[in-house]
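Notes for the one structure printed next.
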Amino acid sequence: MLTEPLDSKSGKTHLDIYDSQQRSTMASRLGVSEDRLKRAVRLVGTRITTLKSYLER
C-alpha cells in the first residue's frame, strides 16, 4: 500500500482532507474510496500513519 509519504519532498505527516487532489491521491495509495477515507478521518484523525494502520485492519 503506502510506501512513501504523501508528498516525499515536504514529508507531510497529515492529510488535508479538504484538498481534493491530496484526498484522491491518498485514497488511491491506500486502496480505498474517498468516502471510506473521509469516514476514517472522522474516526481516527488526519495523521497519515494512523489512517494507514486503521484502514489496513
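Ordered as shown in the C-alpha cells, chains take letters A, B, and onward, while each chain numbers its residues from 1 and ligands are numbered from 1 in the order shown.
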Go through chain A and collect every residue that DSSP, computed from the backbone, puts in alpha helix (DSSP H); the answer should be as a VMD selection string. chain A and resid 20 to 30 34 to 44 48 to 55
Could those selected residues go to a file with N, CA and C atoms, as a CSV table (one decimal), in the first residue's frame?
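Resulting contents of out_13.csv:
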chain,number,residue,atom,x,y,z
A,20,SER,N,-8.9,18.3,-2.5
A,20,SER,CA,-9.4,17.2,-3.3
A,20,SER,C,-8.3,16.4,-4.0
A,21,GLN,N,-7.2,17.0,-4.5
A,21,GLN,CA,-6.2,16.3,-5.1
A,21,GLN,C,-5.4,15.4,-4.1
A,22,GLN,N,-5.1,15.9,-2.9
A,22,GLN,CA,-4.4,15.2,-1.9
A,22,GLN,C,-5.3,14.0,-1.4
A,23,ARG,N,-6.6,14.3,-1.2
A,23,ARG,CA,-7.5,13.3,-0.8
A,23,ARG,C,-7.6,12.1,-1.8
A,24,SER,N,-7.7,12.5,-3.1
A,24,SER,CA,-7.8,11.5,-4.1
A,24,SER,C,-6.5,10.6,-4.2
A,25,THR,N,-5.4,11.3,-4.1
A,25,THR,CA,-4.1,10.6,-4.1
A,25,THR,C,-4.0,9.6,-3.0
A,26,MET,N,-4.3,10.1,-1.8
A,26,MET,CA,-4.2,9.3,-0.6
A,26,MET,C,-5.2,8.1,-0.7
A,27,ALA,N,-6.4,8.3,-1.1
A,27,ALA,CA,-7.3,7.2,-1.2
A,27,ALA,C,-6.8,6.2,-2.2
A,28,SER,N,-6.3,6.6,-3.3
A,28,SER,CA,-5.7,5.7,-4.3
A,28,SER,C,-4.5,4.9,-3.7
A,29,ARG,N,-3.6,5.6,-3.0
A,29,ARG,CA,-2.5,4.9,-2.4
A,29,ARG,C,-2.9,3.9,-1.3
A,30,LEU,N,-3.9,4.2,-0.6
A,30,LEU,CA,-4.4,3.3,0.4
A,30,LEU,C,-5.3,2.2,-0.1
A,34,GLU,N,-12.7,7.5,-1.7
A,34,GLU,CA,-12.6,8.8,-1.0
A,34,GLU,C,-13.6,8.8,0.2
A,35,ASP,N,-14.8,8.2,0.0
A,35,ASP,CA,-15.8,8.2,1.1
A,35,ASP,C,-15.3,7.4,2.3
A,36,ARG,N,-14.7,6.3,2.0
A,36,ARG,CA,-14.1,5.5,3.1
A,36,ARG,C,-13.0,6.3,3.8
A,37,LEU,N,-12.2,7.0,3.1
A,37,LEU,CA,-11.1,7.8,3.6
A,37,LEU,C,-11.7,8.9,4.5
A,38,LYS,N,-12.7,9.5,4.0
A,38,LYS,CA,-13.4,10.6,4.8
A,38,LYS,C,-13.9,10.0,6.1
A,39,ARG,N,-14.6,8.9,6.1
A,39,ARG,CA,-15.1,8.3,7.3
A,39,ARG,C,-14.0,7.9,8.3
A,40,ALA,N,-12.9,7.4,7.7
A,40,ALA,CA,-11.7,7.1,8.6
A,40,ALA,C,-11.1,8.3,9.2
A,41,VAL,N,-11.1,9.4,8.5
A,41,VAL,CA,-10.6,10.7,9.1
A,41,VAL,C,-11.5,11.1,10.2
A,42,ARG,N,-12.8,11.0,10.1
A,42,ARG,CA,-13.7,11.4,11.2
A,42,ARG,C,-13.5,10.5,12.4
A,43,LEU,N,-13.1,9.3,12.2
A,43,LEU,CA,-12.9,8.3,13.3
A,43,LEU,C,-11.5,8.5,14.0
A,44,VAL,N,-10.4,8.6,13.2
A,44,VAL,CA,-9.1,8.5,13.8
A,44,VAL,C,-8.2,9.7,13.5
A,48,ILE,N,-1.4,10.5,8.7
A,48,ILE,CA,-1.3,9.5,7.7
A,48,ILE,C,-1.0,8.1,8.2
A,49,THR,N,0.0,8.0,9.1
A,49,THR,CA,0.3,6.7,9.7
A,49,THR,C,-0.8,6.1,10.4
A,50,THR,N,-1.6,6.9,11.1
A,50,THR,CA,-2.8,6.4,11.8
A,50,THR,C,-3.8,5.9,10.9
A,51,LEU,N,-4.1,6.7,9.8
A,51,LEU,CA,-5.1,6.4,8.8
A,51,LEU,C,-4.7,5.0,8.1
A,52,LYS,N,-3.4,4.9,7.8
A,52,LYS,CA,-2.9,3.7,7.1
A,52,LYS,C,-3.1,2.5,8.0
A,53,SER,N,-2.8,2.6,9.3
A,53,SER,CA,-3.0,1.5,10.2
A,53,SER,C,-4.4,1.1,10.4
A,54,TYR,N,-5.3,2.1,10.5
A,54,TYR,CA,-6.7,1.9,10.7
A,54,TYR,C,-7.3,1.2,9.4
A,55,LEU,N,-6.9,1.7,8.2
A,55,LEU,CA,-7.5,1.2,7.0
A,55,LEU,C,-7.0,-0.2,6.6
